[in-house]
Structure formats: C-alpha cells, structure tokens
$ cat structure22.txt   # compact mmCIF, C-alpha atoms
# COMPACT_ATOMS: atom_id res chain seq x y z
CA MET A 1 0.00 0.00 0.00
CA TYR A 2 2.72 2.45 1.02
CA ILE A 3 4.76 1.70 -2.11
CA GLU A 4 1.69 2.18 -4.30
CA ILE A 5 1.07 5.63 -2.81
CA LEU A 6 4.73 6.55 -3.24
CA LYS A 7 4.62 5.42 -6.89
CA ARG A 8 1.54 7.59 -7.53
CA ILE A 9 3.17 10.64 -5.97
CA LEU A 10 6.41 10.15 -7.91
CA TRP A 11 4.53 9.54 -11.16
CA LYS A 12 2.39 12.64 -10.64
CA TYR A 13 5.35 14.92 -9.97
CA ALA A 14 8.03 13.16 -12.04
CA GLY A 15 7.63 15.57 -14.95
CA PHE A 16 7.93 18.54 -12.62
CA PHE A 17 11.14 17.24 -11.01
CA LEU A 18 12.66 16.29 -14.37
CA PHE A 19 11.83 19.75 -15.75
CA TYR A 20 13.39 21.34 -12.65
CA ILE A 21 16.63 19.34 -13.03
CA ILE A 22 16.91 20.17 -16.73
CA LEU A 23 16.16 23.82 -16.02
CA ASN A 24 18.83 23.99 -13.32
CA LYS A 25 21.46 22.42 -15.59
CA GLU A 26 20.61 24.86 -18.36
CA ILE A 27 20.73 27.90 -16.09
CA MET A 28 23.92 26.88 -14.30
CA SER A 29 25.82 26.26 -17.52
CA LYS A 30 25.74 29.70 -19.13
CA PHE A 31 25.79 33.40 -18.59
CA SER A 32 23.09 35.65 -19.93
CA TYR A 33 24.26 38.83 -21.64
CA VAL A 34 21.71 41.60 -21.33
CA THR A 35 21.35 45.33 -21.70
CA GLU A 36 20.83 47.55 -18.66
CA GLU A 37 17.15 47.86 -19.71
CA GLY A 38 16.79 44.10 -19.90
CA LEU A 39 18.29 43.58 -16.44
CA LYS A 40 16.05 46.28 -15.00
CA LYS A 41 12.98 44.60 -16.54
CA MET A 42 13.97 41.19 -15.13
CA LYS A 43 14.39 42.72 -11.66
CA GLU A 44 10.96 44.37 -11.93
CA ASP A 45 9.41 41.06 -13.00
CA LEU A 46 11.06 39.29 -10.05
CA ASP A 47 9.80 41.94 -7.64
CA PHE A 48 6.27 41.56 -9.04
CA LEU A 49 6.37 37.77 -8.70
CA ILE A 50 7.59 37.97 -5.11
CA SER A 51 5.45 40.85 -3.86
CA VAL A 52 2.19 40.19 -5.75
CA GLU A 53 2.00 36.69 -7.20
CA ARG A 54 3.51 34.81 -4.23
CA PRO A 55 0.98 36.24 -1.71
CA ASN A 56 -1.84 35.46 -4.19
CA ALA A 57 -0.69 31.85 -4.42
CA SER A 58 -0.58 31.56 -0.63
CA ARG A 59 -4.06 33.07 -0.36
CA GLN A 60 -5.45 30.60 -2.91
CA ILE A 61 -3.95 27.68 -0.98
CA ALA A 62 -5.47 28.99 2.26
CA GLU A 63 -8.88 29.37 0.63
CA ALA A 64 -8.72 25.86 -0.79
CA ARG A 65 -7.57 24.44 2.55
CA ASP A 66 -10.62 25.99 4.24
CA LYS A 67 -12.92 24.01 1.95
CA GLY A 68 -12.37 20.74 3.75
CA ASP A 69 -10.65 17.39 3.30
CA LEU A 70 -7.29 17.93 1.58
CA SER A 71 -7.01 14.36 0.30
CA GLU A 72 -9.92 14.88 -2.12
CA ASN A 73 -9.61 18.60 -2.72
CA ALA A 74 -8.72 19.23 -6.37
CA GLU A 75 -8.69 22.99 -5.85
CA TYR A 76 -6.02 22.58 -3.15
CA ASP A 77 -3.92 20.35 -5.44
CA ALA A 78 -4.20 22.90 -8.25
CA ALA A 79 -3.24 25.77 -5.96
CA LYS A 80 -0.21 23.85 -4.64
CA GLU A 81 0.88 23.00 -8.18
CA ALA A 82 0.50 26.64 -9.25
CA GLN A 83 2.58 27.67 -6.24
CA GLY A 84 5.29 25.18 -7.21
CA LEU A 85 5.41 26.54 -10.76
CA LEU A 86 5.55 30.10 -9.43
CA GLU A 87 8.43 29.23 -7.12
CA MET A 88 10.24 27.63 -10.04
CA ARG A 89 9.79 30.80 -12.12
CA ILE A 90 11.11 32.89 -9.23
CA ALA A 91 14.13 30.61 -8.81
CA LYS A 92 14.86 30.67 -12.54
CA LEU A 93 14.60 34.45 -12.70
CA LYS A 94 16.86 34.87 -9.64
CA GLU A 95 19.43 32.57 -11.22
CA THR A 96 19.23 34.37 -14.56
CA ILE A 97 19.73 37.74 -12.85
CA ALA A 98 22.66 36.37 -10.85
CA ASN A 99 24.27 35.05 -14.05
CA SER A 100 23.56 38.18 -16.10
CA ARG A 101 26.34 40.27 -17.51
CA ILE A 102 25.57 43.76 -18.81
CA ILE A 103 26.67 44.36 -22.38
CA ASP A 104 28.79 47.50 -22.62
CA ASN A 105 27.89 48.89 -26.03
CA SER A 106 30.72 51.44 -25.88
CA LEU A 107 33.25 48.61 -26.16
CA ALA A 108 31.98 47.54 -29.58
CA SER A 109 35.09 47.55 -31.71
CA ASP A 110 33.74 47.62 -35.25
CA THR A 111 30.36 49.02 -36.18
CA GLY A 112 30.75 47.72 -39.73
CA ILE A 113 30.13 44.10 -38.74
CA VAL A 114 27.10 42.44 -37.21
CA GLN A 115 27.42 41.91 -33.45
CA ILE A 116 25.09 41.62 -30.50
CA LEU A 117 23.07 44.87 -30.21
CA SER A 118 23.38 45.48 -33.95
CA LYS A 119 20.29 46.59 -35.84
CA VAL A 120 20.47 44.83 -39.19
CA LYS A 121 18.40 45.50 -42.30
CA ILE A 122 18.33 42.41 -44.53
CA LYS A 123 16.69 41.51 -47.82
CA ASN A 124 15.36 38.06 -48.68
CA LYS A 125 17.00 37.21 -52.01
CA LYS A 126 14.07 35.05 -53.10
CA ASN A 127 11.17 37.49 -52.69
CA ASN A 128 13.03 40.81 -52.09
CA ALA A 129 11.23 41.32 -48.76
CA GLU A 130 13.18 43.61 -46.42
CA MET A 131 13.28 43.09 -42.67
CA ILE A 132 14.95 44.88 -39.79
CA TYR A 133 16.11 42.91 -36.75
CA THR A 134 18.00 43.89 -33.64
CA ILE A 135 20.20 41.09 -32.30
CA VAL A 136 19.81 40.82 -28.53
CA SER A 137 20.32 38.29 -25.75
CA GLU A 138 17.95 35.37 -25.45
CA SER A 139 16.17 36.86 -22.43
CA GLU A 140 15.39 40.11 -24.29
CA ALA A 141 14.19 38.60 -27.58
CA ASP A 142 10.78 39.83 -28.76
CA LEU A 143 9.95 39.14 -32.38
CA LYS A 144 6.99 41.54 -32.37
CA SER A 145 9.34 44.44 -31.70
CA GLY A 146 11.98 43.14 -34.11
CA LYS A 147 14.38 41.81 -31.47
CA ILE A 148 15.79 38.36 -32.22
CA SER A 149 17.90 36.19 -29.96
CA ILE A 150 21.57 35.81 -30.71
CA ASN A 151 20.89 32.04 -30.65
CA THR A 152 18.45 32.04 -33.60
CA PRO A 153 19.59 30.64 -36.96
CA ILE A 154 19.26 34.06 -38.62
CA ALA A 155 21.32 35.84 -35.95
CA LYS A 156 23.98 33.12 -35.98
CA ALA A 157 24.30 33.44 -39.75
CA LEU A 158 24.53 37.25 -39.58
CA LEU A 159 27.14 37.53 -36.81
CA GLY A 160 30.50 38.75 -38.06
CA LYS A 161 29.22 39.66 -41.53
CA LYS A 162 29.39 43.04 -43.30
CA VAL A 163 27.08 45.12 -45.48
CA GLY A 164 26.69 43.58 -48.95
CA GLU A 165 27.41 40.02 -47.84
CA VAL A 166 24.85 37.30 -48.50
CA VAL A 167 24.20 34.82 -45.70
CA GLU A 168 22.62 31.39 -45.95
CA VAL A 169 20.15 30.45 -43.23
CA LYS A 170 18.98 26.88 -42.74
CA ALA A 171 15.40 26.90 -41.56
CA PRO A 172 12.68 24.23 -41.30
CA ALA A 173 11.17 25.61 -44.52
CA GLY A 174 14.50 25.16 -46.30
CA VAL A 175 17.58 27.22 -47.03
CA MET A 176 17.05 30.98 -47.32
CA ASN A 177 19.51 33.60 -48.52
CA PHE A 178 19.60 37.12 -47.09
CA GLU A 179 21.65 40.12 -48.19
CA ILE A 180 22.80 42.54 -45.50
CA ILE A 181 21.66 46.04 -46.52
CA GLU A 182 22.52 48.13 -43.46
CA ILE A 183 24.09 47.71 -40.02
CA THR A 184 23.65 50.18 -37.14
CA ARG A 185 24.36 49.92 -33.43
CA ILE A 186 21.73 50.55 -30.77
CA HIS A 187 22.67 52.52 -27.70
$ encode --input "structure22.txt" --output "structure tokens"
Amino acid sequence: MYIEILKRILWKYAGFFLFYIILNKEIMSKFSYVTEEGLKKMKEDLDFLISVERPNASRQIAEARDKGDLSENAEYDAAKEAQGLLEMRIAKLKETIANSRIIDNSLASDTGIVQILSKVKIKNKKNNAEMIYTIVSESEADLKSGKISINTPIAKALLGKKVGEVVEVKAPAGVMNFEIIEITRIH
C-alpha cells in the first residue's frame, strides 16, 4: 500500500522534477548577456512575482484548505501545483539575474560588422522582402518588436558579416539567402 502511494506521488510529480533538473542544468551552464534595460525589466518582474504573485498563491492555498478534506480537494492540489510553478519561475529568474552580464555597447570595436546589439536591415533574395532585426540576448528577444535572440539561426548566420554580404540560413522551410543592406548599433 505504502509503495503504491509513493509510486503515484512520484509519477504525478516526475515531470515537474525532471523539468526542474533540466532547467537547473541549463541555467547553471551559461551566462546571460543583457542590456541595462533588460536587467532592469527582469528585476521588476522578479519583484512583481515575489510581492504580488507569491501572496496570491498563498491566499489561494489557504482558501482551498478551508474548503475541507485535503485528500480529495482538487482545488487545493491545483493551488499547490501553481505555487510550485511560481516558485520555479522565481528561482529561474533569480538565477538568470545572478548570471547576467551587462553588455557594454561602448566597447563595440567595429560598427561595420554584425554583433550583439546590432540593428540589421536584410533583404530576402528570393522574394526581395526587407526586414529589420536587432540582435539581442535570449532573455530580451521579442519578435513583435523586431528583437531576435543571438541564438536564432538568422542571428547566428549574420554575426561577423558586413554590409553587402549574402548569408545562408537553414530553416525548417529550407535554405534561405539574405543580403545585408545596413548595419547600425543601438545605444
């Protein structure tokens, strides 16, 4: 009986623990290079999670606990799971902030080549569509505002290239060629 209960608990939370272990390995293994704005935003997000979301999670658990028997209380289980996910987000954000290094844009040696914090105007050679992307750290990427992670296939292909060069990007849809039209640095 005891082993059966233990198996159920482990099975129920196995995915959570596996995700946590993978997340910790990923976070511990690399630094995150961010702008001052990006670091400030992460700190604001962390403060919000700790000062607003954490008390809300505790309140939801207390409300669910007041509804009776915890062994058959799905609302309590859901609130505890939500709290666990919130605590994981907080831990991940704390670790990311601790491992963050601010990018000093004034140290950029050559503005004629694509680097992190470069704004690059490119043209698709197949359909002549022009796009403008700013290459940023992974934590600051936001495709809607034209910011792509330095770890994307397009950014990797563009890094170190100059205006006029054509880069080849391997994507799920196939190989695409882009010509670099303009490179500027953001401040």
$ closest_residue --input "structure22.txt" --among "A:Leu39, A:Ala57, A:Ala78, A:Ile113" --to "Thr96 in chain A" --atoms "all atoms listed in the file"
A:Leu39
$ residues_around --input "structure22.txt" --residues "Ile122 in chain A" --least-positions-apart "4" --cutoff "10 Å" --atoms "only C-alpha atoms" --output "number ranges by chain"
A: 128-133, 158, 163-167, 177-183
$ residues_around --input "structure22.txt" --residues "range 100-102 of chain A" --least-positions-apart "2" --cutoff "9 Å" --atoms "all atoms listed in the file" --output "list of chain:residue names"
A:Phe31, A:Ser32, A:Tyr33, A:Val34, A:Thr35, A:Glu36, A:Gly38, A:Leu39, A:Glu95, A:Thr96, A:Ile97, A:Ala98, A:Asp104
$ atom_distance --input "structure22.txt" --atom1 "CA of Glu138 in chain A" --atom2 "CA of Gln115 in chain A"
14.0 Å
$ closest_residue --input "structure22.txt" --among "A:Gln60, A:Ile116, A:Ala74, A:Lys43" --to "Lys161 in chain A" --atoms "all atoms listed in the file"
A:Ile116
$ atom_distance --input "structure22.txt" --atom1 "CA of Ser137 in chain A" --atom2 "CA of Glu53 in chain A"
26.1 Å
$ closest_residue --input "structure22.txt" --among "A:Leu93, A:Ala141, A:Val120, A:Gly174" --to "Glu44 in chain A" --atoms "only C-alpha atoms"
A:Leu93
$ closest_residue --input "structure22.txt" --among "A:Lys67, A:Ala82, A:Lys92, A:Ser149" --to "Asp45 in chain A" --atoms "all atoms listed in the file"
A:Lys92
$ atom_distance --input "structure22.txt" --atom1 "CA of Met42 in chain A" --atom2 "CA of Ile90 in chain A"
10.6 Å
$ closest_residue --input "structure22.txt" --among "A:Lys162, A:Arg59, A:Lys40, A:Lys156" --to "Ala79 in chain A" --atoms "only C-alpha atoms"
A:Arg59
$ closest_residue --input "structure22.txt" --among "A:Ile135, A:Arg54, A:Glu168, A:Met88" --to "Thr152 in chain A" --atoms "all atoms listed in the file"
A:Ile135
$ build_atoms --input "structure22.txt" --residues "range 110-134 of chain A" --atoms "N, CA and C atoms" --output "PDB file, in the frame of the given file"
ATOM      1  N   ASP A 110      33.943  47.323 -33.833  1.00  0.00           N
ATOM      2  CA  ASP A 110      33.740  47.620 -35.250  1.00  0.00           C
ATOM      3  C   ASP A 110      32.246  47.694 -35.527  1.00  0.00           C
ATOM      4  N   THR A 111      31.784  48.871 -35.904  1.00  0.00           N
ATOM      5  CA  THR A 111      30.360  49.020 -36.180  1.00  0.00           C
ATOM      6  C   THR A 111      30.005  48.567 -37.594  1.00  0.00           C
ATOM      7  N   GLY A 112      31.004  48.167 -38.367  1.00  0.00           N
ATOM      8  CA  GLY A 112      30.750  47.720 -39.730  1.00  0.00           C
ATOM      9  C   GLY A 112      30.436  46.239 -39.845  1.00  0.00           C
ATOM     10  N   ILE A 113      30.478  45.525 -38.713  1.00  0.00           N
ATOM     11  CA  ILE A 113      30.130  44.100 -38.740  1.00  0.00           C
ATOM     12  C   ILE A 113      28.989  43.836 -37.773  1.00  0.00           C
ATOM     13  N   VAL A 114      28.248  42.788 -38.040  1.00  0.00           N
ATOM     14  CA  VAL A 114      27.100  42.440 -37.210  1.00  0.00           C
ATOM     15  C   VAL A 114      27.589  41.818 -35.904  1.00  0.00           C
ATOM     16  N   GLN A 115      27.111  42.384 -34.792  1.00  0.00           N
ATOM     17  CA  GLN A 115      27.420  41.910 -33.450  1.00  0.00           C
ATOM     18  C   GLN A 115      26.140  41.921 -32.629  1.00  0.00           C
ATOM     19  N   ILE A 116      26.239  41.480 -31.379  1.00  0.00           N
ATOM     20  CA  ILE A 116      25.090  41.620 -30.500  1.00  0.00           C
ATOM     21  C   ILE A 116      24.817  43.114 -30.340  1.00  0.00           C
ATOM     22  N   LEU A 117      23.576  43.494 -30.271  1.00  0.00           N
ATOM     23  CA  LEU A 117      23.070  44.870 -30.210  1.00  0.00           C
ATOM     24  C   LEU A 117      23.210  45.608 -31.532  1.00  0.00           C
ATOM     25  N   SER A 118      23.398  44.872 -32.618  1.00  0.00           N
ATOM     26  CA  SER A 118      23.380  45.480 -33.950  1.00  0.00           C
ATOM     27  C   SER A 118      21.951  45.461 -34.472  1.00  0.00           C
ATOM     28  N   LYS A 119      21.575  46.545 -35.129  1.00  0.00           N
ATOM     29  CA  LYS A 119      20.290  46.590 -35.840  1.00  0.00           C
ATOM     30  C   LYS A 119      20.649  46.333 -37.300  1.00  0.00           C
ATOM     31  N   VAL A 120      20.076  45.269 -37.855  1.00  0.00           N
ATOM     32  CA  VAL A 120      20.470  44.830 -39.190  1.00  0.00           C
ATOM     33  C   VAL A 120      19.262  44.849 -40.124  1.00  0.00           C
ATOM     34  N   LYS A 121      19.436  45.509 -41.261  1.00  0.00           N
ATOM     35  CA  LYS A 121      18.400  45.500 -42.300  1.00  0.00           C
ATOM     36  C   LYS A 121      18.852  44.483 -43.337  1.00  0.00           C
ATOM     37  N   ILE A 122      17.986  43.471 -43.581  1.00  0.00           N
ATOM     38  CA  ILE A 122      18.330  42.410 -44.530  1.00  0.00           C
ATOM     39  C   ILE A 122      17.244  42.292 -45.587  1.00  0.00           C
ATOM     40  N   LYS A 123      17.638  41.713 -46.722  1.00  0.00           N
ATOM     41  CA  LYS A 123      16.690  41.510 -47.820  1.00  0.00           C
ATOM     42  C   LYS A 123      16.699  40.035 -48.197  1.00  0.00           C
ATOM     43  N   ASN A 124      15.501  39.448 -48.244  1.00  0.00           N
ATOM     44  CA  ASN A 124      15.360  38.060 -48.680  1.00  0.00           C
ATOM     45  C   ASN A 124      15.626  38.032 -50.185  1.00  0.00           C
ATOM     46  N   LYS A 125      16.606  37.248 -50.596  1.00  0.00           N
ATOM     47  CA  LYS A 125      17.000  37.210 -52.010  1.00  0.00           C
ATOM     48  C   LYS A 125      15.934  36.572 -52.894  1.00  0.00           C
ATOM     49  N   LYS A 126      15.083  35.749 -52.311  1.00  0.00           N
ATOM     50  CA  LYS A 126      14.070  35.050 -53.100  1.00  0.00           C
ATOM     51  C   LYS A 126      12.887  35.947 -53.448  1.00  0.00           C
ATOM     52  N   ASN A 127      12.374  36.684 -52.444  1.00  0.00           N
ATOM     53  CA  ASN A 127      11.170  37.490 -52.690  1.00  0.00           C
ATOM     54  C   ASN A 127      11.398  38.997 -52.510  1.00  0.00           C
ATOM     55  N   ASN A 128      12.651  39.404 -52.271  1.00  0.00           N
ATOM     56  CA  ASN A 128      13.030  40.810 -52.090  1.00  0.00           C
ATOM     57  C   ASN A 128      12.370  41.504 -50.905  1.00  0.00           C
ATOM     58  N   ALA A 129      11.827  40.735 -49.970  1.00  0.00           N
ATOM     59  CA  ALA A 129      11.230  41.320 -48.760  1.00  0.00           C
ATOM     60  C   ALA A 129      12.349  41.817 -47.848  1.00  0.00           C
ATOM     61  N   GLU A 130      12.185  43.038 -47.329  1.00  0.00           N
ATOM     62  CA  GLU A 130      13.180  43.610 -46.420  1.00  0.00           C
ATOM     63  C   GLU A 130      12.673  43.527 -44.992  1.00  0.00           C
ATOM     64  N   MET A 131      13.600  43.211 -44.086  1.00  0.00           N
ATOM     65  CA  MET A 131      13.280  43.090 -42.670  1.00  0.00           C
ATOM     66  C   MET A 131      14.368  43.772 -41.864  1.00  0.00           C
ATOM     67  N   ILE A 132      13.984  44.276 -40.704  1.00  0.00           N
ATOM     68  CA  ILE A 132      14.950  44.880 -39.790  1.00  0.00           C
ATOM     69  C   ILE A 132      14.875  44.128 -38.466  1.00  0.00           C
ATOM     70  N   TYR A 133      16.023  43.633 -38.019  1.00  0.00           N
ATOM     71  CA  TYR A 133      16.110  42.910 -36.750  1.00  0.00           C
ATOM     72  C   TYR A 133      17.206  43.519 -35.896  1.00  0.00           C
ATOM     73  N   THR A 134      16.971  43.530 -34.603  1.00  0.00           N
ATOM     74  CA  THR A 134      18.000  43.890 -33.640  1.00  0.00           C
ATOM     75  C   THR A 134      18.413  42.597 -32.943  1.00  0.00           C
TER      76      THR A 134
END
